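Coordinates as given in final02.pdb (PDB, C-alpha atoms and all ligand atoms):
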ATOM      1  CA  MET A   1      63.894  56.849 119.906  1.00  0.00           C
ATOM      2  CA  GLU A   2      62.754  59.039 117.069  1.00  0.00           C
ATOM      3  CA  GLU A   3      64.116  62.100 118.902  1.00  0.00           C
ATOM      4  CA  GLU A   4      67.591  60.564 119.291  1.00  0.00           C
ATOM      5  CA  LYS A   5      67.716  59.925 115.599  1.00  0.00           C
ATOM      6  CA  SER A   6      66.864  63.542 114.804  1.00  0.00           C
ATOM      7  CA  GLU A   7      69.790  64.718 116.960  1.00  0.00           C
ATOM      8  CA  ILE A   8      72.358  63.016 114.785  1.00  0.00           C
ATOM      9  CA  THR A   9      70.651  63.869 111.524  1.00  0.00           C
ATOM     10  CA  PRO A  10      72.275  66.857 109.785  1.00  0.00           C
ATOM     11  CA  PRO A  11      70.125  69.962 109.650  1.00  0.00           C
ATOM     12  CA  GLU A  12      67.528  69.715 106.968  1.00  0.00           C
ATOM     13  CA  ALA A  13      67.960  71.808 103.892  1.00  0.00           C
ATOM     14  CA  PRO A  14      65.677  74.819 103.853  1.00  0.00           C
ATOM     15  CA  VAL A  15      62.391  74.204 102.111  1.00  0.00           C
ATOM     16  CA  ALA A  16      63.447  76.348  99.168  1.00  0.00           C
ATOM     17  CA  LEU A  17      66.484  74.154  98.524  1.00  0.00           C
ATOM     18  CA  LYS A  18      64.400  71.006  98.755  1.00  0.00           C
ATOM     19  CA  ARG A  19      62.516  72.414  95.808  1.00  0.00           C
ATOM     20  CA  ASP A  20      65.867  72.811  94.109  1.00  0.00           C
ATOM     21  CA  SER A  21      65.179  76.476  93.754  1.00  0.00           C
ATOM     22  CA  VAL A  22      68.003  78.789  94.761  1.00  0.00           C
ATOM     23  CA  GLU A  23      66.212  81.474  92.800  1.00  0.00           C
ATOM     24  CA  GLU A  24      63.242  81.135  95.138  1.00  0.00           C
ATOM     25  CA  LEU A  25      65.557  81.587  98.111  1.00  0.00           C
ATOM     26  CA  PHE A  26      66.947  84.786  96.646  1.00  0.00           C
ATOM     27  CA  SER A  27      63.455  86.050  95.893  1.00  0.00           C
ATOM     28  CA  GLN A  28      62.632  85.625  99.557  1.00  0.00           C
ATOM     29  CA  MET A  29      65.793  87.493 100.527  1.00  0.00           C
ATOM     30  CA  GLU A  30      64.932  90.304  98.100  1.00  0.00           C
ATOM     31  CA  TYR A  31      61.498  90.494  99.678  1.00  0.00           C
ATOM     32  CA  LEU A  32      63.014  90.752 103.145  1.00  0.00           C
ATOM     33  CA  LEU A  33      65.382  93.486 101.921  1.00  0.00           C
ATOM     34  CA  GLN A  34      62.472  95.370 100.427  1.00  0.00           C
ATOM     35  CA  GLU A  35      60.568  95.067 103.691  1.00  0.00           C
ATOM     36  CA  GLY A  36      63.509  96.539 105.581  1.00  0.00           C
ATOM     37  CA  HIS A  37      64.292  93.335 107.471  1.00  0.00           C
ATOM     38  CA  GLU A  38      67.269  93.734 109.813  1.00  0.00           C
ATOM     39  CA  PHE A  39      69.803  90.999 109.022  1.00  0.00           C
ATOM     40  CA  ASN A  40      72.217  89.870 111.739  1.00  0.00           C
ATOM     41  CA  ASP A  41      76.018  89.639 111.383  1.00  0.00           C
ATOM     42  CA  ARG A  42      75.986  86.004 110.242  1.00  0.00           C
ATOM     43  CA  GLN A  43      73.372  86.686 107.582  1.00  0.00           C
ATOM     44  CA  ARG A  44      75.147  89.809 106.343  1.00  0.00           C
ATOM     45  CA  ASP A  45      78.424  87.886 106.174  1.00  0.00           C
ATOM     46  CA  ILE A  46      76.779  85.227 104.028  1.00  0.00           C
ATOM     47  CA  GLY A  47      75.898  88.053 101.635  1.00  0.00           C
ATOM     48  CA  ILE A  48      79.527  89.161 101.521  1.00  0.00           C
ATOM     49  CA  ARG A  49      80.750  85.572 101.044  1.00  0.00           C
ATOM     50  CA  LEU A  50      78.408  85.199  98.061  1.00  0.00           C
ATOM     51  CA  SER A  51      80.490  87.738  96.177  1.00  0.00           C
ATOM     52  CA  LEU A  52      83.949  86.794  97.465  1.00  0.00           C
ATOM     53  CA  SER A  53      84.481  84.407  94.564  1.00  0.00           C
ATOM     54  CA  CYS A  54      84.926  87.522  92.387  1.00  0.00           C
ATOM     55  CA  LEU A  55      88.338  88.006  93.983  1.00  0.00           C
ATOM     56  CA  PRO A  56      91.420  85.978  93.163  1.00  0.00           C
ATOM     57  CA  GLU A  57      92.220  83.419  95.885  1.00  0.00           C
ATOM     58  CA  SER A  58      95.074  85.507  97.324  1.00  0.00           C
ATOM     59  CA  GLU A  59      92.976  88.667  97.666  1.00  0.00           C
ATOM     60  CA  ARG A  60      90.123  86.650  99.128  1.00  0.00           C
ATOM     61  CA  GLU A  61      92.380  85.235 101.834  1.00  0.00           C
ATOM     62  CA  TRP A  62      93.815  88.662 102.527  1.00  0.00           C
ATOM     63  CA  PHE A  63      90.351  90.167 102.899  1.00  0.00           C
ATOM     64  CA  LEU A  64      89.305  87.379 105.270  1.00  0.00           C
ATOM     65  CA  GLU A  65      92.505  87.822 107.294  1.00  0.00           C
ATOM     66  CA  ILE A  66      92.002  91.585 107.551  1.00  0.00           C
ATOM     67  CA  ALA A  67      88.444  91.076 108.780  1.00  0.00           C
ATOM     68  CA  ARG A  68      88.825  88.066 111.040  1.00  0.00           C
ATOM     69  CA  GLU A  69      92.419  88.125 112.290  1.00  0.00           C
ATOM     70  CA  VAL A  70      93.564  91.745 112.140  1.00  0.00           C
ATOM     71  CA  ASN A  71      90.377  93.615 113.032  1.00  0.00           C
ATOM     72  CA  LYS A  72      88.246  90.775 114.450  1.00  0.00           C
ATOM     73  CA  ILE A  73      85.110  92.187 112.864  1.00  0.00           C
ATOM     74  CA  PRO A  74      82.376  90.668 110.672  1.00  0.00           C
ATOM     75  CA  LEU A  75      83.098  90.546 106.939  1.00  0.00           C
ATOM     76  CA  TRP A  76      80.401  93.091 106.163  1.00  0.00           C
ATOM     77  CA  MET A  77      82.045  95.622 108.474  1.00  0.00           C
ATOM     78  CA  ALA A  78      85.423  95.033 106.816  1.00  0.00           C
ATOM     79  CA  LEU A  79      83.982  95.595 103.348  1.00  0.00           C
ATOM     80  CA  TRP A  80      81.856  98.648 104.101  1.00  0.00           C
ATOM     81  CA  GLY A  81      84.529 100.059 106.376  1.00  0.00           C
ATOM     82  CA  GLN A  82      86.793 100.074 103.324  1.00  0.00           C
ATOM     83  CA  PHE A  83      84.085 101.908 101.393  1.00  0.00           C
ATOM     84  CA  ARG A  84      83.903 104.512 104.155  1.00  0.00           C
ATOM     85  CA  ARG A  85      87.700 104.809 103.981  1.00  0.00           C
ATOM     86  CA  CYS A  86      87.411 105.424 100.228  1.00  0.00           C
ATOM     87  CA  LEU A  87      84.772 108.105 100.860  1.00  0.00           C
ATOM     88  CA  GLU A  88      87.077 109.759 103.350  1.00  0.00           C
ATOM     89  CA  TRP A  89      89.927 109.704 100.840  1.00  0.00           C
ATOM     90  CA  GLY A  90      87.687 111.025  98.071  1.00  0.00           C
ATOM     91  CA  VAL A  91      88.161 107.991  95.828  1.00  0.00           C
ATOM     92  CA  ALA A  92      84.844 106.205  96.372  1.00  0.00           C
ATOM     93  CA  ASN A  93      83.426 107.172  93.001  1.00  0.00           C
ATOM     94  CA  ALA A  94      86.419 105.736  91.149  1.00  0.00           C
ATOM     95  CA  PRO A  95      86.336 102.023  91.949  1.00  0.00           C
ATOM     96  CA  ILE A  96      88.996  99.738  90.543  1.00  0.00           C
ATOM     97  CA  LEU A  97      87.067  97.310  88.359  1.00  0.00           C
ATOM     98  CA  ASP A  98      88.489  93.989  87.270  1.00  0.00           C
ATOM     99  CA  PRO A  99      87.879  93.521  83.527  1.00  0.00           C
ATOM    100  CA  GLY A 100      86.837  89.964  84.324  1.00  0.00           C
ATOM    101  CA  TRP A 101      83.938  91.248  86.412  1.00  0.00           C
ATOM    102  CA  ILE A 102      82.489  93.070  83.437  1.00  0.00           C
ATOM    103  CA  SER A 103      82.994  90.467  80.724  1.00  0.00           C
ATOM    104  CA  GLY A 104      82.110  87.610  83.042  1.00  0.00           C
ATOM    105  CA  SER A 105      79.218  89.430  84.636  1.00  0.00           C
ATOM    106  CA  SER A 106      76.240  87.241  85.287  1.00  0.00           C
ATOM    107  CA  VAL A 107      73.958  90.207  84.741  1.00  0.00           C
ATOM    108  CA  GLU A 108      71.044  88.849  82.801  1.00  0.00           C
ATOM    109  CA  LEU A 109      71.524  89.747  79.174  1.00  0.00           C
ATOM    110  CA  THR A 110      68.352  89.954  77.179  1.00  0.00           C
ATOM    111  CA  GLU A 111      67.947  89.782  73.437  1.00  0.00           C
ATOM    112  CA  THR A 112      68.632  93.170  71.879  1.00  0.00           C
ATOM    113  CA  GLU A 113      67.878  94.610  68.444  1.00  0.00           C
ATOM    114  CA  CYS A 114      70.831  96.114  66.604  1.00  0.00           C
ATOM    115  CA  PRO A 115      69.895  99.716  65.658  1.00  0.00           C
ATOM    116  CA  ILE A 116      71.846  99.372  62.396  1.00  0.00           C
ATOM    117  CA  CYS A 117      70.609  96.108  60.882  1.00  0.00           C
ATOM    118  CA  GLN A 118      67.588  95.433  63.128  1.00  0.00           C
ATOM    119  CA  VAL A 119      68.837  91.892  63.716  1.00  0.00           C
ATOM    120  CA  LYS A 120      68.053  90.541  67.184  1.00  0.00           C
ATOM    121  CA  PHE A 121      71.071  89.178  69.022  1.00  0.00           C
ATOM    122  CA  LEU A 122      72.150  88.149  72.524  1.00  0.00           C
ATOM    123  CA  PRO A 123      74.703  90.675  73.882  1.00  0.00           C
ATOM    124  CA  LYS A 124      77.988  89.200  75.092  1.00  0.00           C
ATOM    125  CA  VAL A 125      78.535  91.971  77.636  1.00  0.00           C
ATOM    126  CA  LYS A 126      76.327  94.369  79.545  1.00  0.00           C
ATOM    127  CA  GLY A 127      75.631  97.517  77.559  1.00  0.00           C
ATOM    128  CA  GLN A 128      76.364  95.999  74.122  1.00  0.00           C
ATOM    129  CA  ARG A 129      74.043  97.778  71.667  1.00  0.00           C
ATOM    130  CA  PHE A 130      75.258  96.559  68.301  1.00  0.00           C
ATOM    131  CA  CYS A 131      75.432  93.064  66.829  1.00  0.00           C
ATOM    132  CA  SER A 132      79.038  93.521  65.692  1.00  0.00           C
ATOM    133  CA  ASN A 133      82.034  95.844  65.922  1.00  0.00           C
ATOM    134  CA  LEU A 134      81.350  96.866  62.316  1.00  0.00           C
ATOM    135  CA  HIS A 135      77.839  98.078  63.107  1.00  0.00           C
ATOM    136  CA  GLY A 136      79.100  99.810  66.259  1.00  0.00           C
ATOM    137  CA  ALA A 137      81.679 101.616  64.112  1.00  0.00           C
ATOM    138  CA  LEU A 138      79.050 102.573  61.518  1.00  0.00           C
ATOM    139  CA  ALA A 139      76.871 104.061  64.250  1.00  0.00           C
ATOM    140  CA  GLU A 140      79.832 105.945  65.724  1.00  0.00           C
ATOM    141  CA  ARG A 141      80.743 107.329  62.283  1.00  0.00           C
ATOM    142  CA  ALA A 142      77.135 108.443  61.713  1.00  0.00           C
ATOM    143  CA  ALA A 143      77.023 110.100  65.151  1.00  0.00           C
ATOM    144  CA  THR A 144      80.306 111.900  64.468  1.00  0.00           C
ATOM    145  CA  ALA A 145      79.006 113.164  61.108  1.00  0.00           C
ATOM    146  CA  GLU A 146      75.793 114.309  62.804  1.00  0.00           C
ATOM    147  CA  ARG A 147      77.755 116.199  65.464  1.00  0.00           C
ATOM    148  CA  ALA A 148      79.930 117.861  62.806  1.00  0.00           C
ATOM    149  CA  LYS A 149      76.824 118.933  60.890  1.00  0.00           C
ATOM    150  CA  SER A 150      75.160 120.439  63.966  1.00  0.00           C
ATOM    151  CA  GLU A 151      78.359 122.276  64.913  1.00  0.00           C
ATOM    152  CA  GLU A 152      78.521 124.064  61.531  1.00  0.00           C
ATOM    153  CA  ALA A 153      77.683 127.724  61.881  1.00  0.00           C
ATOM    154  CA  PRO A 154      74.044 128.281  61.051  1.00  0.00           C
ATOM    155  CA  GLY A 155      73.433 130.243  57.883  1.00  0.00           C
ATOM    156  CA  VAL A 156      72.736 133.891  58.495  1.00  0.00           C
ATOM    157  CA  ALA A 157      69.987 135.513  56.447  1.00  0.00           C
ATOM    158  CA  VAL A 158      71.333 138.533  54.624  1.00  0.00           C
TER     159      VAL A 158
HETATM  160 ZN    ZN A 201      73.790  94.939  63.211  1.00  0.00          ZN
END
Rewrite the coordinates I just gave you, this time as structure tokens.
Amino acid sequence: MEEEKSEITPPEAPVALKRDSVEELFSQMEYLLQEGHEFNDRQRDIGIRLSLSCLPESEREWFLEIAREVNKIPLWMALWGQFRRCLEWGVANAPILDPGWISGSSVELTETECPICQVKFLPKVKGQRFCSNLHGALAERAATAERAKSEEAPGVAV
């Protein structure tokens, strides 16, 4: 009777999720990637679906339609096939980035020290070096002055 019960029980969550640790799951996936594990179509498509939320709903649906209905290929083939198309057209190194991807990036931002005031702050966006626009402007002005100084013709001994 125990076996019958297990047939109607939904699949158990993977061990990592039982531990409420999605991060652990991703660590395992990173390990497999590092080891050169060959993922199958379903697994690769899960990877693509993880990032689909970056697209607006309409683009997401269009992408899925192009992959599943028009070409009848896995999502990963649709995505990387587009990259190959971009390579062929010579536009692969000029991606169209959505400003929302950059400002809303979940890239881990670590505490940074402002080179102007030495105050430690948490950057709001990736690549932010200064605590404020004012200190960014001060640094830019100093760099411009430095460039101007180095571009002056060196004195010639007479
Ligand atoms: Zn500062």
Exercise for the section: Please check which protein, DNA or RNA residues sit within 8 Å of ligand ZN 201 (chain A), counting all atoms listed in the file, and write them as an NGL selection string. Expected result: :A and (113-119 or 130-132 or 134-136)
Handout entry: Residues matched by the PyMOL selection byres (((chain A and resi 50-59) around 12) and not hetatm) as a PyMOL selection string
Key = chain A and resi 26+43-49+60-66+75-76+79+97-102+104-106
Exercise for the section: Tell me, in Å to one decimal, how far CA of Glu69 (chain A) is from CA of Phe83 (chain A). Expected result: 19.4 Å
Taking all atoms of region 86-98 of chain A that the file lists, what box with edges along x, y and z, padded by 6 Å per side, do you get, with centre and edge lengths in Å to one decimal, as AutoDock Vina command-line options?
--center_x 86.7 --center_y 102.5 --center_z 95.3 --size_x 18.5 --size_y 29.0 --size_z 28.1
Handout entry: For region 122-124 of chain A: contacts at 9 Å, only C-alpha atoms, fewer than 3 positions along chain excluded, given as an MDAnalysis selection string
Key = chainID A and resid 103 109:113 127:131
Exercise for the section: Quote the spacing between CA of Asp41 (chain A) and CA of Gly81 (chain A) in Å to one decimal place. Expected result: 14.4 Å
Practice task
Could you please determine the separation between CA of Lys72 (chain A) and CA of Glu30 (chain A) in Å, to one decimal place?
Solution key: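 Atom-to-atom, CA of Lys72 (chain A) and CA of Glu30 (chain A) are spaced 28.5 Å apart.
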